[in-house]
file model_23.csv (CSV, C-alpha atoms)
chain,number,residue,atom,x,y,z
A,1,MET,CA,16.7,14.5,24.0
A,2,ALA,CA,15.9,11.5,22.0
A,3,VAL,CA,16.6,7.9,23.3
A,4,TYR,CA,17.6,5.5,20.5
A,5,HIS,CA,17.4,1.8,21.1
A,6,LEU,CA,20.1,0.3,18.9
A,7,LEU,CA,19.9,-3.5,18.6
A,8,LEU,CA,23.6,-4.5,18.6
A,9,SER,CA,23.6,-8.3,18.8
A,10,SER,CA,27.1,-9.0,17.6
A,11,PRO,CA,28.4,-6.2,15.3
A,12,PRO,CA,31.9,-7.3,14.2
A,13,SER,CA,33.4,-3.9,13.8
A,14,LEU,CA,31.8,-2.2,16.8
A,15,VAL,CA,34.0,-1.9,19.9
A,16,LEU,CA,32.3,-1.0,23.1
A,17,PRO,CA,34.0,0.0,26.4
A,18,PRO,CA,34.1,-2.7,29.0
A,19,SER,CA,31.4,-0.9,31.0
A,20,SER,CA,29.0,-0.9,28.1
A,21,ARG,CA,29.4,-4.6,26.9
A,22,HIS,CA,26.4,-6.7,27.6
A,23,SER,CA,26.5,-10.1,25.9
A,24,ASN,CA,23.2,-11.0,24.2
A,25,PHE,CA,21.5,-7.9,25.5
A,26,THR,CA,20.1,-4.8,23.8
A,27,PHE,CA,22.5,-1.9,24.1
A,28,ILE,CA,20.6,1.3,25.0
A,29,ARG,CA,22.5,4.6,24.7
A,30,ARG,CA,21.6,8.2,24.9
A,31,ILE,CA,22.6,10.4,22.0
A,32,SER,CA,21.8,14.1,22.0
A,33,ALA,CA,20.4,15.5,18.7
A,34,HIS,CA,23.1,14.1,16.4
A,35,PRO,CA,23.1,16.1,13.2
A,36,HIS,CA,23.0,13.0,11.0
A,37,LEU,CA,20.2,11.3,13.1
A,38,GLY,CA,17.9,14.3,13.9
A,39,ASN,CA,15.2,14.3,16.5
A,40,SER,CA,12.3,12.9,14.5
A,41,ALA,CA,13.0,9.2,15.0
A,42,SER,CA,12.5,7.6,18.3
A,43,SER,CA,13.9,4.2,17.5
A,44,LEU,CA,16.4,3.3,14.8
A,45,SER,CA,17.5,-0.2,13.8
A,46,PHE,CA,21.3,-0.8,13.5
A,47,SER,CA,20.5,-2.0,10.0
A,48,SER,CA,19.5,1.5,9.0
A,49,PRO,CA,22.0,2.9,6.4
A,50,VAL,CA,22.3,6.2,8.3
A,51,VAL,CA,23.1,4.5,11.6
A,52,ARG,CA,25.6,2.1,9.9
A,53,LYS,CA,27.4,5.0,8.3
A,54,ILE,CA,27.8,6.8,11.6
A,55,LEU,CA,28.3,4.0,14.0
A,56,VAL,CA,29.7,0.9,12.2
A,57,ARG,CA,33.3,1.9,12.8
A,58,SER,CA,32.6,3.9,16.0
A,59,THR,CA,34.0,2.8,19.3
A,60,LEU,CA,31.2,4.6,21.1
A,61,ARG,CA,33.5,5.8,23.9
A,62,GLU,CA,32.4,8.7,26.0
A,63,ASP,CA,35.0,11.4,25.8
A,64,PRO,CA,34.6,14.5,28.0
A,65,VAL,CA,34.3,17.1,25.2
A,66,SER,CA,32.0,19.1,27.4
A,67,SER,CA,30.7,19.1,30.9
A,68,ASP,CA,27.4,17.8,29.7
A,69,ALA,CA,27.5,14.0,30.5
A,70,GLU,CA,24.5,13.5,28.2
A,71,SER,CA,26.6,14.5,25.1
A,72,PRO,CA,29.2,11.9,24.4
A,73,THR,CA,31.6,12.1,21.4
A,74,LEU,CA,31.2,9.4,18.9
A,75,LEU,CA,34.6,8.0,17.9
A,76,ILE,CA,34.3,7.2,14.2
A,77,GLY,CA,37.7,5.6,13.9
A,78,GLU,CA,39.2,2.6,15.6
A,79,ASP,CA,40.6,2.3,19.1
A,80,SER,CA,44.3,2.0,18.5
A,81,ALA,CA,46.5,-0.5,20.3
A,82,ALA,CA,43.5,-2.3,21.7
A,83,PHE,CA,44.7,-5.8,22.6
A,84,GLU,CA,42.7,-8.4,24.5
A,85,LEU,CA,44.8,-11.4,25.5
A,86,GLY,CA,41.7,-13.6,26.0
A,87,LYS,CA,40.8,-13.2,22.3
A,88,GLN,CA,44.2,-14.3,21.0
A,89,LYS,CA,44.5,-17.7,19.4
A,90,LEU,CA,47.7,-19.6,20.1
A,91,VAL,CA,47.7,-21.2,16.7
A,92,SER,CA,47.7,-17.7,15.1
A,93,TRP,CA,50.9,-16.7,17.0
A,94,VAL,CA,52.5,-20.1,16.2
A,95,TYR,CA,51.7,-19.4,12.6
A,96,PHE,CA,53.2,-15.9,12.9
A,97,GLY,CA,56.4,-17.4,14.3
A,98,VAL,CA,56.6,-19.8,11.4
A,99,VAL,CA,55.9,-17.1,8.8
A,100,LEU,CA,58.5,-14.8,10.4
A,101,GLY,CA,61.1,-17.6,10.4
A,102,VAL,CA,60.4,-18.4,6.7
A,103,VAL,CA,60.6,-14.7,5.7
A,104,LEU,CA,64.0,-14.3,7.5
A,105,PHE,CA,65.4,-17.4,5.9
A,106,ILE,CA,64.4,-16.3,2.4
A,107,LEU,CA,65.7,-12.8,3.1
A,108,ASP,CA,69.0,-14.2,4.2
A,109,VAL,CA,69.4,-16.5,1.2
A,110,VAL,CA,68.1,-14.1,-1.5
A,111,TRP,CA,69.4,-10.8,-0.2
A,112,ILE,CA,71.7,-10.8,2.9
A,113,ASP,CA,74.2,-13.7,2.3
A,114,ASN,CA,76.9,-12.3,0.0
A,115,SER,CA,77.5,-15.7,-1.5
A,116,THR,CA,73.9,-16.2,-2.7
A,117,GLY,CA,72.0,-13.0,-2.3
A,118,PHE,CA,71.7,-9.8,-4.4
A,119,GLY,CA,72.1,-7.3,-1.5
A,120,LYS,CA,75.8,-6.5,-2.0
A,121,SER,CA,75.4,-6.3,-5.8
A,122,TYR,CA,72.5,-3.8,-5.3
A,123,ILE,CA,74.5,-1.6,-2.9
A,124,ASP,CA,77.6,-1.7,-5.2
A,125,ALA,CA,75.4,-0.7,-8.2
A,126,VAL,CA,74.0,2.3,-6.4
A,127,SER,CA,77.3,3.3,-4.9
A,128,SER,CA,79.1,3.1,-8.3
A,129,ILE,CA,76.9,5.9,-9.7
A,130,SER,CA,78.7,8.4,-7.5
A,131,GLY,CA,81.7,8.2,-5.3
A,132,SER,CA,79.9,10.3,-2.7
A,133,PRO,CA,78.3,8.4,0.3
A,134,GLU,CA,75.9,11.3,0.7
A,135,VAL,CA,74.6,10.8,-2.9
A,136,ALA,CA,74.5,7.0,-2.4
A,137,MET,CA,72.5,7.4,0.8
A,138,LEU,CA,70.0,9.7,-0.8
A,139,MET,CA,69.6,7.4,-3.8
A,140,LEU,CA,69.0,4.3,-1.6
A,141,ILE,CA,66.3,6.3,0.3
A,142,PHE,CA,64.8,7.5,-2.9
A,143,ILE,CA,64.5,4.0,-4.4
A,144,PHE,CA,63.0,2.6,-1.2
A,145,ALA,CA,60.6,5.6,-0.9
A,146,THR,CA,59.5,5.2,-4.6
A,147,VAL,CA,58.8,1.5,-4.3
A,148,HIS,CA,57.2,1.7,-0.8
A,149,SER,CA,54.9,4.7,-1.4
A,150,GLY,CA,54.2,3.5,-4.9
A,151,LEU,CA,53.0,0.1,-3.8
A,152,ALA,CA,51.0,1.7,-1.0
A,153,SER,CA,49.3,3.9,-3.5
A,154,LEU,CA,48.4,0.9,-5.6
A,155,ARG,CA,47.0,-1.0,-2.6
A,156,ASP,CA,43.3,-0.7,-3.5
A,157,ILE,CA,43.9,-1.9,-7.0
A,158,GLY,CA,46.4,-4.6,-5.9
A,159,GLU,CA,44.1,-6.1,-3.3
A,160,LYS,CA,41.2,-6.3,-5.7
A,161,LEU,CA,43.4,-8.2,-8.2
A,162,ILE,CA,45.3,-10.6,-5.9
A,163,GLY,CA,43.7,-10.3,-2.5
A,164,GLU,CA,44.7,-8.6,0.8
A,165,ARG,CA,47.1,-11.2,2.0
A,166,ALA,CA,48.9,-11.8,-1.3
A,167,PHE,CA,49.3,-8.0,-1.8
A,168,ARG,CA,50.8,-7.7,1.7
A,169,VAL,CA,53.3,-10.5,0.9
A,170,LEU,CA,54.2,-8.6,-2.3
A,171,PHE,CA,54.5,-5.3,-0.5
A,172,ALA,CA,56.7,-6.7,2.3
A,173,GLY,CA,58.7,-8.9,0.0
A,174,VAL,CA,59.8,-5.9,-2.1
A,175,SER,CA,60.0,-3.3,0.6
A,176,LEU,CA,61.9,-5.3,3.3
A,177,PRO,CA,65.2,-5.9,1.4
A,178,LEU,CA,65.3,-2.3,0.2
A,179,ALA,CA,64.7,-1.0,3.7
A,180,MET,CA,67.4,-3.3,5.1
A,181,SER,CA,69.9,-2.3,2.5
A,182,THR,CA,69.3,1.4,3.3
A,183,ILE,CA,69.7,0.8,7.1
A,184,VAL,CA,72.9,-1.3,6.7
A,185,TYR,CA,74.5,1.3,4.4
A,186,PHE,CA,73.7,4.0,6.9
A,187,ILE,CA,75.2,2.1,9.8
A,188,ASN,CA,78.3,1.3,7.8
A,189,HIS,CA,78.8,4.8,6.4
A,190,ARG,CA,77.4,7.0,9.1
A,191,TYR,CA,80.8,8.4,10.0
A,192,ASP,CA,81.9,9.0,6.4
A,193,GLY,CA,81.6,12.4,4.8
A,194,SER,CA,82.5,15.8,6.2
A,195,GLN,CA,82.1,16.6,9.9
A,196,LEU,CA,79.8,19.6,10.5
A,197,TRP,CA,79.9,19.7,14.3
A,198,GLN,CA,81.0,17.6,17.2
A,199,LEU,CA,78.7,17.5,20.3
A,200,GLN,CA,79.3,14.0,21.5
A,201,GLY,CA,81.5,15.2,24.4
A,202,VAL,CA,79.2,17.9,25.5
A,203,PRO,CA,77.6,17.0,28.9
A,204,GLY,CA,73.9,16.1,28.7
A,205,VAL,CA,73.8,15.7,25.0
A,206,HIS,CA,73.9,11.9,25.1
A,207,GLU,CA,71.1,11.8,27.6
A,208,ALA,CA,69.0,14.2,25.6
A,209,ILE,CA,69.5,12.2,22.4
A,210,TRP,CA,68.6,9.0,24.2
A,211,VAL,CA,65.3,10.5,25.5
A,212,ALA,CA,64.5,11.8,22.0
A,213,ASN,CA,65.1,8.5,20.4
A,214,PHE,CA,63.1,6.7,23.0
A,215,VAL,CA,60.1,9.0,22.5
A,216,SER,CA,60.4,8.8,18.7
A,217,PHE,CA,59.7,5.0,18.8
A,218,PHE,CA,56.3,5.6,20.4
A,219,PHE,CA,55.4,7.7,17.3
A,220,LEU,CA,57.2,5.5,14.8
A,221,TYR,CA,55.4,2.2,15.1
A,222,PRO,CA,51.6,2.7,15.3
A,223,SER,CA,51.3,0.6,12.2
A,224,THR,CA,52.5,-2.5,14.1
A,225,PHE,CA,49.5,-2.5,16.5
A,226,ASN,CA,48.4,-5.8,14.9
A,227,LEU,CA,51.5,-7.9,14.1
A,228,LEU,CA,49.3,-10.6,12.8
A,229,GLU,CA,48.1,-8.3,10.0
A,230,VAL,CA,51.7,-7.3,9.3
A,231,ALA,CA,52.6,-10.9,8.7
A,232,ALA,CA,49.3,-11.5,6.8
A,233,VAL,CA,48.2,-14.1,9.4
A,234,ASP,CA,45.1,-11.9,9.8
A,235,LYS,CA,43.7,-10.3,6.8
A,236,PRO,CA,45.4,-6.9,6.4
A,237,LYS,CA,43.2,-3.9,6.7
A,238,MET,CA,43.6,-0.1,6.1
A,239,HIS,CA,42.8,1.1,9.6
A,240,LEU,CA,41.3,4.4,10.6
A,241,TRP,CA,42.8,4.9,14.0
A,242,GLU,CA,41.6,7.6,16.3
A,243,THR,CA,42.7,7.1,19.9
A,244,GLY,CA,46.1,6.9,21.7
A,245,ILE,CA,48.9,8.6,19.9
A,246,MET,CA,46.5,9.7,17.1
A,247,ARG,CA,45.0,12.3,19.4
A,248,ILE,CA,48.4,14.0,19.5
A,249,THR,CA,49.2,13.8,15.8
A,250,ARG,CA,47.4,12.1,12.9
A,251,HIS,CA,50.7,11.1,11.4
A,252,PRO,CA,52.8,9.7,14.3
A,253,GLN,CA,55.2,7.8,12.0
A,254,MET,CA,56.2,11.1,10.3
A,255,VAL,CA,56.7,12.8,13.6
A,256,GLY,CA,58.7,9.9,15.0
A,257,GLN,CA,60.9,9.8,12.0
A,258,ILE,CA,61.6,13.5,12.2
A,259,VAL,CA,62.5,13.3,15.9
A,260,TRP,CA,64.7,10.3,15.2
A,261,CYS,CA,66.5,12.0,12.3
A,262,LEU,CA,67.1,15.2,14.2
A,263,ALA,CA,68.5,13.3,17.2
A,264,HIS,CA,70.8,11.2,15.1
A,265,THR,CA,72.0,14.1,13.0
A,266,LEU,CA,72.7,16.1,16.1
A,267,TRP,CA,74.7,13.2,17.6
A,268,ILE,CA,76.7,12.2,14.5
A,269,GLY,CA,77.0,15.7,13.1
A,270,ASN,CA,78.2,15.0,9.6
A,271,THR,CA,77.0,15.3,6.0
A,272,VAL,CA,76.0,11.6,5.6
A,273,ALA,CA,73.7,11.8,8.6
A,274,ALA,CA,72.3,15.1,7.3
A,275,SER,CA,71.6,13.6,3.9
A,276,ALA,CA,70.0,10.6,5.4
A,277,SER,CA,67.8,12.8,7.5
A,278,LEU,CA,66.9,15.0,4.5
A,279,GLY,CA,65.8,12.0,2.5
A,280,LEU,CA,63.9,10.3,5.3
A,281,ILE,CA,62.0,13.4,6.3
A,282,ALA,CA,61.1,14.2,2.7
A,283,HIS,CA,59.8,10.7,2.3
A,284,HIS,CA,57.6,10.9,5.4
A,285,LEU,CA,56.3,14.3,4.6
A,286,PHE,CA,55.1,12.9,1.3
A,287,GLY,CA,53.8,9.8,3.1
A,288,ALA,CA,51.7,12.0,5.4
A,289,TRP,CA,50.1,13.7,2.4
A,290,ASN,CA,49.7,10.4,0.5
A,291,GLY,CA,48.2,8.7,3.6
A,292,ASP,CA,45.6,11.4,4.0
A,293,ARG,CA,44.7,11.1,0.3
A,294,ARG,CA,44.3,7.4,0.5
A,295,LEU,CA,42.3,7.5,3.7
A,296,ALA,CA,40.0,10.1,2.2
A,297,GLN,CA,39.4,7.9,-0.8
A,298,ARG,CA,38.7,4.8,1.4
A,299,TYR,CA,36.6,6.3,4.2
A,300,GLY,CA,35.3,9.6,2.8
A,301,GLU,CA,33.3,11.6,5.3
A,302,ALA,CA,34.4,9.5,8.2
A,303,PHE,CA,38.0,10.4,7.6
A,304,GLU,CA,37.1,14.1,7.0
A,305,SER,CA,35.4,14.1,10.5
A,306,ILE,CA,38.5,12.7,12.1
A,307,LYS,CA,40.7,15.1,10.2
A,308,LYS,CA,38.8,18.0,11.6
A,309,ARG,CA,39.6,16.9,15.2
A,310,THR,CA,43.2,15.8,14.7
A,311,SER,CA,46.3,17.5,13.4
A,312,VAL,CA,49.5,16.7,11.6
A,313,ILE,CA,51.6,19.0,13.8
A,314,PRO,CA,51.7,17.4,17.3
A,315,PHE,CA,49.3,18.8,19.9
A,316,ALA,CA,48.0,21.5,17.4
A,317,ALA,CA,44.4,20.1,17.5
A,318,ILE,CA,44.5,19.9,21.3
A,319,LEU,CA,45.8,23.5,21.7
A,320,GLU,CA,43.2,24.7,19.2
A,321,GLY,CA,40.4,22.9,21.1
A,322,ARG,CA,39.5,20.6,18.3
A,323,GLN,CA,40.7,17.6,20.3
A,324,VAL,CA,39.9,17.2,24.0
A,325,LEU,CA,41.8,14.5,25.8
A,326,PRO,CA,39.7,12.1,28.0
A,327,GLU,CA,40.4,12.3,31.8
A,328,ASP,CA,41.7,8.7,31.6
A,329,TYR,CA,43.8,9.4,28.4
A,330,TYR,CA,46.8,7.6,30.0
A,331,LYS,CA,44.9,4.3,29.8
A,332,GLU,CA,45.1,4.4,26.0
A,333,PHE,CA,48.8,3.9,26.4
A,334,VAL,CA,48.8,1.3,29.2
A,335,ARG,CA,48.4,-1.5,26.7
A,336,LEU,CA,50.5,-4.4,25.6
A,337,PRO,CA,51.5,-3.0,22.1
A,338,TYR,CA,53.0,0.1,23.8
A,339,LEU,CA,54.7,-2.0,26.5
A,340,ALA,CA,56.2,-4.1,23.7
A,341,ILE,CA,57.5,-1.0,22.0
A,342,THR,CA,59.0,0.1,25.3
A,343,ALA,CA,60.8,-3.2,25.7
A,344,LEU,CA,62.0,-3.3,22.1
A,345,THR,CA,63.2,0.3,22.2
A,346,VAL,CA,65.3,-0.3,25.3
A,347,GLY,CA,66.5,-3.6,23.8
A,348,ALA,CA,67.5,-1.9,20.5
A,349,TYR,CA,69.6,0.6,22.4
A,350,PHE,CA,71.6,-2.1,24.1
A,351,ALA,CA,71.8,-4.1,20.9
A,352,HIS,CA,73.5,-1.3,19.0
A,353,PRO,CA,76.9,-2.9,19.1
A,354,LEU,CA,75.4,-6.2,17.7
A,355,MET,CA,73.6,-4.4,14.9
A,356,GLN,CA,76.8,-2.4,14.0
A,357,GLY,CA,78.9,-5.6,14.0
A,358,ALA,CA,76.4,-7.5,11.9
A,359,SER,CA,76.2,-4.6,9.4
A,360,PHE,CA,80.0,-4.3,9.2
A,361,ARG,CA,80.4,-8.0,8.4
A,362,LEU,CA,78.3,-7.6,5.3
A,363,HIS,CA,80.7,-5.0,3.8
A,364,TRP,CA,77.9,-3.1,2.1

call {"tool": "encode", "arguments": {"input": "model_23.csv", "output": "C-alpha cells"}}
result
Amino acid sequence: MAVYHLLLSSPPSLVLPPSSRHSNFTFIRRISAHPHLGNSASSLSFSSPVVRKILVRSTLREDPVSSDAESPTLLIGEDSAAFELGKQKLVSWVYFGVVLGVVLFILDVVWIDNSTGFGKSYIDAVSSISGSPEVAMLMLIFIFATVHSGLASLRDIGEKLIGERAFRVLFAGVSLPLAMSTIVYFINHRYDGSQLWQLQGVPGVHEAIWVANFVSFFFLYPSTFNLLEVAAVDKPKMHLWETGIMRITRHPQMVGQIVWCLAHTLWIGNTVAASASLGLIAHHLFGAWNGDRRLAQRYGEAFESIKKRTSVIPFAAILEGRQVLPEDYYKEFVRLPYLAITALTVGAYFAHPLMQGASFRLHW
C-alpha cells in the first residue's frame, strides 16, 4: 500500500467531501495500487501530468465499492447538483434575473406577440404543408431537433470562434422560440386527431400518470443544475456528471422524456399525442448517442471510464455490478436543485389551466 502526499493548495476543479476539506493544509490520502499510478512512486506532486489526468476532475469521494475501506473509488466526473449557498454571489443572481427578464421580453416581442412576432407565421407555414395535425407535430419536432442537436454538435467549433457565453446566447436564442412553438402547438392540438383509446375514466389511471410525470422531471432536468450557466452568467461548460441521477442512467433526460411521453400518450390516447411522443423519443435517442460521442471527444479516457460504470438503460449498471451505490446515496438528492425541481414540478401541475389558457389565446 503506497501513501501519496498530494499537495492540493487550491485546485479549482477538485471537489472534496466536507470531511476531507482542510483549508491551507496538505491533503493526505491513501490510494491502493492505482493502475495509472503504480507502486514505484512514494510521493507525487499534483502538478504531475499523470496525477492531473486522473484527479483534476475527480471528486475524490469514497464510495463503498468493496468492503475494503482502504480502496476508495475515484470519481472522475463531477458531483452533480452540488450547491453551496455560502458560495453564491447575490450580484450573480440579480444579473440572472435581469437576463431572464430581458430574454422573456425579447421573446415576447419577436416571437410570441402575434402583432409583432413571427411565431404565428412560423406555425402557419408548417401547418400549411399538410392538413394533418400529426404531420405538423412531427415536423415541428423535427425542425427543433435538427437545430437543437445541430448546434450542440457544433459547440466546440462555435465556442472557439465566438466564445462560450456568446455561443450559449446563440444556442438559446434559436432553440427557445422553436421549443416554445412546439409546446404551444401540442397544447392547442393535443385532442385533435383520431382517438385510439380512452382511459381517463379508469380508476387509478390519473394517479399513476401523475406519479410517472412527477418522476420524469427528476430525470428531465439534470442540465439545469447550474442555472447561472444556462443564462450565461457563469461561463457555460460541458459537464461530465457522475453522481446523483447519473448513477441510475447516464442519459436521464432521455429517460425522463420517454416516461413523460408514455404517460401523456396513455392519458390522452390519440394520434396527435402518439406522433408527438414518437418524435420526441426519437430525438432523445439520437441525443443520447450524440451526447456520448461529444463527451468522448471532449474527455476521452475519463468519459470511457465513466461509461464503463454507468448505463443508458436505468439501473442496468447497478444490476450488473458495474455501479455500486454509496450507503448514503440519498444525500446526493437532498440538495437545493432537486428541491427546486420538486417545487417546480408540483407548481407546473397546478398551473396546467394557466398554461393551456395562455396557449389557446395565441391561436397557434

call {"tool": "closest_residue", "arguments": {"input": "model_23.csv", "among": "A:Gly279, A:Gly163, A:Gly150, A:Gly201", "to": "Leu138 of chain A", "atoms": "only C-alpha atoms"}}
result
A:Gly279

call {"tool": "atom_distance", "arguments": {"input": "model_23.csv", "atom1": "atom CA of Gly291 of chain A", "atom2": "atom CA of Leu104 of chain A"}}
result
28.2 Å

call {"tool": "residues_around", "arguments": {"input": "model_23.csv", "residues": "Gly256 of chain A", "least_positions_apart": "3", "cutoff": "9 Å", "atoms": "all atoms listed in the file", "output": "VMD selection string"}}
result
chain A and resid 213 215 to 221 251 to 253 259 to 261

call {"tool": "closest_residue", "arguments": {"input": "model_23.csv", "among": "A:His283, A:Arg250, A:His239, A:His206", "to": "Leu266 of chain A", "atoms": "only C-alpha atoms"}}
result
A:His206

call {"tool": "closest_residue", "arguments": {"input": "model_23.csv", "among": "A:Ala317, A:Leu336, A:Ile341, A:Ile209", "to": "Leu85 of chain A", "atoms": "all atoms listed in the file"}}
result
A:Leu336

call {"tool": "closest_residue", "arguments": {"input": "model_23.csv", "among": "A:Phe186, A:Arg165, A:Leu228, A:Pro177", "to": "Val91 of chain A", "atoms": "all atoms listed in the file"}}
result
A:Leu228

call {"tool": "closest_residue", "arguments": {"input": "model_23.csv", "among": "A:Ser80, A:Gln198, A:Asn290, A:Ser181", "to": "Ser127 of chain A", "atoms": "only C-alpha atoms"}}
result
A:Ser181

call {"tool": "atom_distance", "arguments": {"input": "model_23.csv", "atom1": "atom CA of Thr182 of chain A", "atom2": "atom CA of Asn226 of chain A"}}
result
25.0 Å

call {"tool": "atom_distance", "arguments": {"input": "model_23.csv", "atom1": "atom CA of Ala302 of chain A", "atom2": "atom CA of Leu240 of chain A"}}
result
8.9 Å

call {"tool": "closest_residue", "arguments": {"input": "model_23.csv", "among": "A:Asp108, A:Asp79, A:Glu229, A:Asp124", "to": "Trp364 of chain A", "atoms": "all atoms listed in the file"}}
result
A:Asp124

call {"tool": "residues_around", "arguments": {"input": "model_23.csv", "residues": "Ile183 of chain A", "least_positions_apart": "5", "cutoff": "9 Å", "atoms": "all atoms listed in the file", "output": "CSV table (one decimal) with C-alpha atoms, in the frame of the given file"}}
result
chain,number,residue,atom,x,y,z
A,178,LEU,CA,65.3,-2.3,0.2
A,188,ASN,CA,78.3,1.3,7.8
A,359,SER,CA,76.2,-4.6,9.4

call {"tool": "residues_around", "arguments": {"input": "model_23.csv", "residues": "Gly158 of chain A", "least_positions_apart": "6", "cutoff": "10 Å", "atoms": "only C-alpha atoms", "output": "ChimeraX atom specification"}}
result
/A:151-152,164,166-168,170-171

call {"tool": "residues_near_point", "arguments": {"input": "model_23.csv", "point": "(63.7, 3.2, -1.3)", "cutoff": "9 Å", "atoms": "only C-alpha atoms", "output": "ChimeraX atom specification"}}
result
/A:139-149,175,178-179,182
